[in-house]
file data-v7.cif (mmCIF, C-alpha atoms and all ligand atoms)
data_data
loop_
_atom_site.label_atom_id
_atom_site.label_comp_id
_atom_site.auth_asym_id
_atom_site.auth_seq_id
_atom_site.Cartn_x
_atom_site.Cartn_y
_atom_site.Cartn_z
CA MET T 1 114.74 100.24 127.62
CA SER T 2 113.10 99.99 124.22
CA ASP T 3 115.38 99.46 121.26
CA ARG T 4 112.97 101.11 118.85
CA PRO T 5 114.54 103.87 116.76
CA ASP T 6 113.55 107.48 117.50
CA TYR T 7 111.55 107.72 114.28
CA ALA T 8 110.89 106.01 110.95
CA LEU T 9 109.47 107.26 107.67
CA ALA T 10 108.66 105.73 104.29
CA ILE T 11 107.22 107.50 101.26
CA HIS T 12 106.13 106.13 97.90
CA GLY T 13 105.13 107.30 94.45
CA GLY T 14 103.18 104.29 93.26
CA ALA T 15 103.71 100.71 92.17
CA GLY T 16 103.35 101.24 88.44
CA PRO T 17 106.89 102.02 87.17
CA LYS T 18 107.68 100.49 83.79
CA PRO T 19 111.11 98.98 83.14
CA GLY T 20 113.18 100.85 80.55
CA ARG T 21 111.76 104.30 81.31
CA ASP T 22 113.72 107.12 82.89
CA TYR T 23 112.76 107.70 86.52
CA SER T 24 115.80 109.77 87.49
CA ALA T 25 113.63 112.84 88.27
CA VAL T 26 111.50 110.68 90.56
CA GLU T 27 114.56 109.19 92.23
CA HIS T 28 115.97 112.64 92.85
CA HIS T 29 112.67 113.94 94.20
CA LEU T 30 112.13 111.01 96.57
CA SER T 31 115.72 111.31 97.90
CA THR T 32 115.30 115.02 98.60
CA LEU T 33 111.86 114.59 100.16
CA ILE T 34 112.86 111.79 102.52
CA GLY T 35 115.56 114.13 103.86
CA GLU T 36 112.93 116.83 104.48
CA GLY T 37 110.66 114.34 106.22
CA GLU T 38 113.50 113.06 108.37
CA ALA T 39 114.32 116.64 109.42
CA MET T 40 110.67 117.15 110.46
CA LEU T 41 110.62 114.02 112.60
CA LYS T 42 114.02 114.81 114.11
CA ALA T 43 112.69 118.26 115.08
CA GLY T 44 109.76 116.61 116.89
CA ALA T 45 106.96 116.83 114.30
CA SER T 46 104.05 114.45 114.79
CA ALA T 47 103.64 111.44 112.52
CA VAL T 48 100.34 112.77 111.17
CA ASP T 49 101.78 116.20 110.30
CA THR T 50 104.78 114.55 108.66
CA VAL T 51 102.78 112.20 106.43
CA GLU T 52 100.49 115.06 105.40
CA GLN T 53 103.47 117.23 104.48
CA MET T 54 105.13 114.39 102.54
CA VAL T 55 101.98 113.72 100.54
CA ARG T 56 101.45 117.44 99.95
CA GLU T 57 104.91 117.64 98.35
CA LEU T 58 104.38 114.48 96.32
CA GLU T 59 101.07 115.90 95.03
CA LEU T 60 102.59 119.27 94.14
CA SER T 61 105.50 117.78 92.20
CA GLY T 62 103.36 116.56 89.30
CA LEU T 63 105.76 113.60 88.99
CA TYR T 64 103.24 110.97 90.12
CA VAL T 65 99.59 110.10 89.41
CA ALA T 66 98.27 112.27 92.26
CA GLY T 67 97.63 115.98 92.76
CA ARG T 68 99.19 117.83 89.84
CA GLY T 69 100.00 114.60 87.97
CA ALA T 70 96.52 113.16 88.43
CA ALA T 71 94.78 111.15 85.75
CA SER T 72 91.83 112.53 83.85
CA ASN T 73 88.79 110.28 83.59
CA ALA T 74 86.93 109.08 80.48
CA GLN T 75 84.82 112.24 80.57
CA GLY T 76 87.99 114.38 80.42
CA TYR T 77 88.25 115.79 83.92
CA VAL T 78 90.20 114.92 87.03
CA GLU T 79 88.67 113.37 90.16
CA LEU T 80 90.87 113.05 93.21
CA ASP T 81 90.92 110.62 96.15
CA ALA T 82 92.92 110.99 99.37
CA ALA T 83 92.99 109.68 102.92
CA ILE T 84 94.86 110.28 106.14
CA MET T 85 94.77 108.36 109.44
CA ASP T 86 96.28 109.13 112.82
CA GLY T 87 96.81 105.83 114.63
CA ALA T 88 97.40 107.44 118.05
CA ARG T 89 93.97 109.10 118.00
CA MET T 90 92.31 106.38 115.90
CA GLN T 91 90.88 109.10 113.68
CA ALA T 92 90.73 109.27 109.92
CA GLY T 93 89.59 111.58 107.15
CA ALA T 94 89.18 111.07 103.42
CA ILE T 95 87.77 112.60 100.26
CA ALA T 96 86.71 110.77 97.12
CA ALA T 97 85.99 111.92 93.55
CA ALA T 98 86.76 115.53 94.53
CA ARG T 99 87.46 118.13 91.85
CA ASP T 100 90.47 120.38 91.29
CA LEU T 101 92.04 120.64 94.71
CA ILE T 102 95.71 121.62 94.66
CA ASN T 103 96.36 119.30 97.62
CA PRO T 104 93.72 116.59 98.07
CA VAL T 105 95.43 115.38 101.26
CA GLU T 106 94.53 118.73 102.85
CA GLY T 107 90.89 117.91 102.17
CA ALA T 108 91.31 114.55 103.89
CA ARG T 109 93.01 116.17 106.89
CA ALA T 110 90.25 118.77 107.14
CA VAL T 111 87.63 116.00 107.21
CA LEU T 112 89.59 114.35 110.03
CA GLU T 113 89.97 117.53 112.06
CA HIS T 114 86.70 119.33 111.43
CA THR T 115 83.90 116.82 110.90
CA PRO T 116 82.38 113.86 112.75
CA HIS T 117 82.62 111.98 109.41
CA ILE T 118 85.38 109.97 107.78
CA LEU T 119 84.73 110.13 104.03
CA LEU T 120 83.18 112.92 101.96
CA ALA T 121 82.62 112.32 98.25
CA GLY T 122 81.89 114.24 95.06
CA GLU T 123 80.00 117.53 95.30
CA GLY T 124 79.81 117.28 99.09
CA ALA T 125 83.59 117.00 99.31
CA ASP T 126 83.97 119.99 96.94
CA LEU T 127 81.58 122.09 99.01
CA PHE T 128 83.35 121.18 102.24
CA CYS T 129 86.81 121.98 100.81
CA ALA T 130 85.53 125.33 99.49
CA GLU T 131 84.09 126.16 102.94
CA HIS T 132 87.52 125.45 104.42
CA LYS T 133 89.14 127.64 101.76
CA LEU T 134 91.47 124.91 100.56
CA ALA T 135 93.52 125.97 97.53
CA ARG T 136 91.86 125.16 94.21
CA VAL T 137 93.19 124.78 90.69
CA ASP T 138 92.43 127.94 88.65
CA ASP T 139 92.82 126.45 85.22
CA PRO T 140 92.88 122.64 84.96
CA ALA T 141 94.17 122.83 81.36
CA ILE T 142 97.34 124.52 82.58
CA TRP T 143 97.75 122.93 86.01
CA TYR T 144 97.67 119.19 85.36
CA ARG T 145 100.63 117.50 83.72
CA LEU T 146 101.56 114.03 82.60
CA PRO T 147 103.51 112.28 85.38
CA VAL T 148 106.92 110.71 84.80
CA GLY T 149 106.74 107.28 83.13
CA VAL T 150 103.24 107.67 81.62
CA GLU T 151 103.03 108.29 77.87
CA VAL T 152 100.13 110.09 76.18
CA ASP T 153 98.84 107.06 74.26
CA GLU T 154 98.73 105.05 77.49
CA THR T 155 96.17 107.42 78.94
CA LYS T 156 93.57 106.23 76.43
CA THR T 157 94.09 102.47 76.21
CA ASP T 158 92.26 99.58 77.88
CA GLU T 159 95.35 98.90 79.96
CA LEU T 160 94.63 101.73 82.38
CA ALA T 161 97.74 103.58 83.56
CA HIS T 162 97.62 104.35 87.26
CA GLY T 163 99.65 105.55 90.24
CA THR T 164 99.42 106.89 93.77
CA VAL T 165 101.53 108.62 96.39
CA GLY T 166 101.72 107.86 100.09
CA ALA T 167 103.63 108.16 103.33
CA VAL T 168 103.80 106.25 106.62
CA ALA T 169 105.60 107.49 109.72
CA MET T 170 106.44 106.74 113.32
CA ASP T 171 107.34 109.86 115.32
CA GLN T 172 109.52 110.24 118.39
CA GLN T 173 106.58 109.49 120.67
CA GLY T 174 105.95 106.23 118.82
CA ARG T 175 102.75 107.50 117.17
CA LEU T 176 101.95 106.02 113.75
CA ALA T 177 100.18 107.70 110.82
CA ALA T 178 99.51 107.09 107.13
CA ALA T 179 98.42 109.28 104.22
CA THR T 180 97.70 108.30 100.62
CA SER T 181 96.54 110.29 97.58
CA THR T 182 95.75 109.42 93.99
CA GLY T 183 94.29 110.53 90.70
CA GLY T 184 93.36 106.89 90.25
CA LEU T 185 93.36 105.47 86.76
CA PHE T 186 93.66 107.34 83.46
CA GLY T 187 90.41 106.88 81.57
CA LYS T 188 88.43 105.60 84.59
CA ARG T 189 84.68 106.21 84.55
CA ALA T 190 83.53 109.42 86.23
CA GLY T 191 82.66 108.55 89.80
CA ARG T 192 85.01 105.59 89.99
CA VAL T 193 86.62 105.44 93.42
CA GLY T 194 89.50 103.09 94.18
CA ASP T 195 91.09 101.81 97.36
CA THR T 196 92.98 104.97 98.32
CA PRO T 197 90.28 106.93 100.21
CA LEU T 198 88.77 103.80 101.77
CA ILE T 199 90.03 103.54 105.33
CA GLY T 200 91.35 100.05 106.02
CA ILE T 201 91.80 99.33 102.32
CA GLY T 202 94.36 101.70 100.78
CA ASN T 203 95.31 103.47 104.00
CA TRP T 204 95.38 102.53 107.68
CA ALA T 205 97.08 103.46 110.95
CA ASP T 206 96.51 102.17 114.49
CA GLN T 207 98.81 101.71 117.47
CA ASP T 208 100.53 98.67 115.95
CA VAL T 209 101.03 99.51 112.30
CA CYS T 210 100.53 102.11 109.57
CA VAL T 211 100.08 101.15 105.91
CA SER T 212 99.82 102.98 102.57
CA CYS T 213 98.91 100.93 99.48
CA THR T 214 99.22 101.34 95.72
CA GLY T 215 98.08 99.18 92.82
CA LEU T 216 94.93 98.55 90.83
CA GLY T 217 92.42 99.63 93.46
CA GLU T 218 89.66 97.18 92.60
CA TYR T 219 91.83 94.24 93.71
CA PHE T 220 92.93 96.04 96.85
CA ILE T 221 89.29 96.61 97.74
CA LEU T 222 88.52 92.93 97.21
CA GLY T 223 91.50 92.01 99.38
CA GLY T 224 90.76 94.60 102.12
CA VAL T 225 94.50 95.06 102.11
CA ALA T 226 95.61 97.65 104.69
CA ARG T 227 93.40 96.26 107.45
CA ASP T 228 94.38 92.75 106.40
CA VAL T 229 98.00 93.65 107.24
CA ALA T 230 96.92 94.93 110.68
CA ALA T 231 94.69 91.88 111.32
CA ARG T 232 97.39 89.40 110.31
CA MET T 233 99.66 91.02 112.89
CA ARG T 234 97.10 91.39 115.67
CA TYR T 235 95.14 88.15 115.40
CA GLY T 236 97.61 85.99 113.51
CA GLY T 237 100.74 87.09 115.36
CA GLN T 238 102.51 87.59 112.04
CA SER T 239 105.61 89.73 111.65
CA LEU T 240 105.22 92.98 109.71
CA LYS T 241 107.05 91.45 106.76
CA ASP T 242 104.91 88.29 106.67
CA ALA T 243 101.71 90.29 107.10
CA CYS T 244 102.57 92.59 104.17
CA GLN T 245 103.63 89.66 102.02
CA GLY T 246 100.50 87.69 102.92
CA ALA T 247 98.18 90.58 102.11
CA LEU T 248 99.88 91.17 98.75
CA ASP T 249 99.79 87.43 97.97
CA GLU T 250 96.03 87.65 98.43
CA VAL T 251 95.89 90.55 95.94
CA ALA T 252 97.86 88.40 93.49
CA ARG T 253 95.53 85.44 94.08
CA LEU T 254 92.61 87.72 93.18
CA GLY T 255 94.39 88.70 89.94
CA GLY T 256 95.90 92.08 90.90
CA ASP T 257 99.29 93.51 91.65
CA GLY T 258 100.77 96.49 93.43
CA GLY T 259 102.71 97.36 96.54
CA LEU T 260 102.64 98.94 99.96
CA THR T 261 104.77 100.63 102.58
CA ALA T 262 104.26 99.96 106.27
CA ILE T 263 105.83 100.70 109.66
CA ASN T 264 105.14 98.89 112.94
CA SER T 265 105.33 100.16 116.51
CA ARG T 266 108.94 98.98 116.74
CA GLY T 267 109.86 101.32 113.92
CA GLU T 268 110.48 98.51 111.44
CA ILE T 269 109.80 99.49 107.83
CA VAL T 270 108.57 97.18 105.08
CA THR T 271 108.22 98.21 101.44
CA GLU T 272 106.83 95.33 99.44
CA PHE T 273 105.53 94.92 95.88
CA ASN T 274 104.53 92.23 93.43
CA SER T 275 104.40 94.59 90.43
CA ASN T 276 107.46 95.63 88.38
CA GLY T 277 108.60 98.06 91.01
CA LEU T 278 107.66 100.54 93.72
CA LYS T 279 108.94 104.13 93.71
CA THR T 280 109.94 104.49 97.31
CA ALA T 281 112.31 106.03 99.84
CA TYR T 282 112.63 105.32 103.53
CA VAL T 283 114.69 106.21 106.55
CA THR T 284 115.05 105.13 110.17
CA ALA T 285 116.80 107.18 112.86
CA GLY T 286 120.46 106.23 112.84
CA SER T 287 120.48 104.73 109.33
CA ALA T 288 121.14 106.30 105.94
CA PRO T 289 118.05 106.93 103.78
CA VAL T 290 117.38 104.50 100.93
CA THR T 291 115.67 105.30 97.60
CA ARG T 292 114.69 102.62 95.12
CA ILE T 293 112.42 102.10 92.14
CA PHE T 294 112.81 98.56 90.84
CA SER T 295 115.10 96.49 93.05
N1 LIG P 1 95.29 102.49 93.93
C1 LIG P 1 95.06 103.52 92.97
C2 LIG P 1 93.64 103.40 92.50
O1 LIG P 1 93.21 102.31 92.15
C3 LIG P 1 95.99 103.50 91.80
C4 LIG P 1 97.43 103.15 92.09
O2 LIG P 1 97.84 103.02 93.22
O3 LIG P 1 98.22 103.01 91.15
O4 LIG P 1 92.96 104.39 92.41
#
call {"tool": "encode", "arguments": {"input": "data-v7.cif", "output": "structure tokens"}}
result
Amino acid sequence: MSDRPDYALAIHGGAGPKPGRDYSAVEHHLSTLIGEGEAMLKAGASAVDTVEQMVRELELSGLYVAGRGAASNAQGYVELDAAIMDGARMQAGAIAAARDLINPVEGARAVLEHTPHILLAGEGADLFCAEHKLARVDDPAIWYRLPVGVEVDETKTDELAHGTVGAVAMDQQGRLAAATSTGGLFGKRAGRVGDTPLIGIGNWADQDVCVSCTGLGEYFILGGVARDVAARMRYGGQSLKDACQGALDEVARLGGDGGLTAINSRGEIVTEFNSNGLKTAYVTAGSAPVTRIFS
């Protein structure tokens, strides 16, 4: 008999929290949401549906740099990136530099379900999402809001404020999935795409592990992070913890920082960061949920 738990779920709201700021609204939101996600998995929802729903809620909240809280670029408008991967089917979908979707993760899921492609970008992504009648922002000036922990002056400095949301899950059938969504960096150049929608970089799921990353995307791209975690486990025989730590050490060696959440096929959860903190909550069947920001 396997001793793996019935299910496991971890969600995150980015690795950019700043010490001294008030994240109580985020803490409350993550605690509530992890309970909703646990209820889905307990009721038999699939991992891929659960991570999509978690990211949808994180996007809608406006508390994080994704969806409603997304960053506007140097040209003054928002471009959104999102990805989702179903490890059981080995299928993925993603959108990059898409405009004014209420839930970018729905665009990623639609690419997974309804195209032979994996990543649609820019105007092509917008056209595809319109064809699939995905909900769009009516008035960007009213819809978008500054996420918790980011101050107005920080949206215009060289030190680019950033954030992401994500979820990883193992369902009762042992299937793994990951979803990640971001507005990227405040003040980024139009057309800049980070790690989040790149499968194997900011987001990955196979039959061994699912991973969702956050941090300055350029370094995560250079480190090939999410697939690096999977490769360290598969070819290097590393534990989930060592693989996550090793991949993040490589990001640090390249000059970046950030964090990730991951679950393996035994239902073990790792949330790891080398930045100031990681806004995260996680739960395993039979254990009490945990929410944490800095510790
Ligand atoms: N990884 C995201 C990006 O570079 C930002 C973040 O996670 O904070 O677009």
call {"tool": "residues_around", "arguments": {"input": "data-v7.cif", "residues": "Asp257 in chain T", "least_positions_apart": "5", "cutoff": "7 Å", "atoms": "all atoms listed in the file", "output": "ChimeraX atom specification"}}
result
/T:215-216,251-252,274-275
call {"tool": "closest_residue", "arguments": {"input": "data-v7.cif", "among": "T:Ala285, T:Leu260, T:Ile11, T:Met40", "to": "ligand LIG 1 (chain P)", "atoms": "all atoms listed in the file"}}
result
T:Leu260
call {"tool": "residues_near_point", "arguments": {"input": "data-v7.cif", "point": "(101.3, 111.9, 86.8)", "cutoff": "6 Å", "atoms": "only C-alpha atoms", "output": "list in words"}}
result
Gly62, Leu63, Tyr64, Val65, Gly69, Ala70, Leu146 and Pro147 of chain T
call {"tool": "residues_around", "arguments": {"input": "data-v7.cif", "residues": "Glu27 in chain T", "least_positions_apart": "5", "cutoff": "12 Å", "atoms": "all atoms listed in the file", "output": "ChimeraX atom specification"}}
result
/T:11-13,17,22,32-34,63-64,148,278-281,290-294
call {"tool": "residues_near_ligand", "arguments": {"input": "data-v7.cif", "ligand": "ligand LIG 1 (chain P)", "cutoff": "8 Å", "atoms": "all atoms listed in the file", "output": "list in words"}}
result
Gly14, Ala15, Gly16, Val65, Asp81, Ala161, His162, Gly163, Thr164, Val165, Thr182, Gly183, Gly184, Leu185, Val193, Gly194, Asp195, Thr196, Gly202, Cys213, Thr214, Gly215, Leu216, Gly217, Glu218, Phe220 and Gly258 of chain T
call {"tool": "atom_distance", "arguments": {"input": "data-v7.cif", "atom1": "CA of Val150 in chain T", "atom2": "CA of Ser72 in chain T"}}
result
12.6 Å
call {"tool": "atom_distance", "arguments": {"input": "data-v7.cif", "atom1": "CA of Met170 in chain T", "atom2": "CA of Ala25 in chain T"}}
result
26.8 Å
call {"tool": "residues_around", "arguments": {"input": "data-v7.cif", "residues": "Arg253 in chain T", "least_positions_apart": "4", "cutoff": "10 Å", "atoms": "only C-alpha atoms", "output": "ChimeraX atom specification"}}
result
/T:219,223,247-249,257
call {"tool": "write_last_selection", "arguments": {"input": "data-v7.cif", "atoms": "C-alpha atoms", "output": "PDB file, in the coordinates of the input"}}
result
ATOM      1  CA  TYR T 219      91.830  94.240  93.710  1.00  0.00           C
ATOM      2  CA  GLY T 223      91.500  92.010  99.380  1.00  0.00           C
ATOM      3  CA  ALA T 247      98.180  90.580 102.110  1.00  0.00           C
ATOM      4  CA  LEU T 248      99.880  91.170  98.750  1.00  0.00           C
ATOM      5  CA  ASP T 249      99.790  87.430  97.970  1.00  0.00           C
ATOM      6  CA  ASP T 257      99.290  93.510  91.650  1.00  0.00           C
TER       7      ASP T 257
END
call {"tool": "residues_around", "arguments": {"input": "data-v7.cif", "residues": "Trp204 in chain T", "least_positions_apart": "4", "cutoff": "10 Å", "atoms": "all atoms listed in the file", "output": "JSON, numbers by chain"}}
result
{"T": [83, 84, 85, 86, 87, 90, 91, 92, 168, 176, 177, 178, 179, 180, 196, 198, 199, 200, 209, 210, 211, 212, 213, 225, 226, 227, 228, 229, 230, 262]}
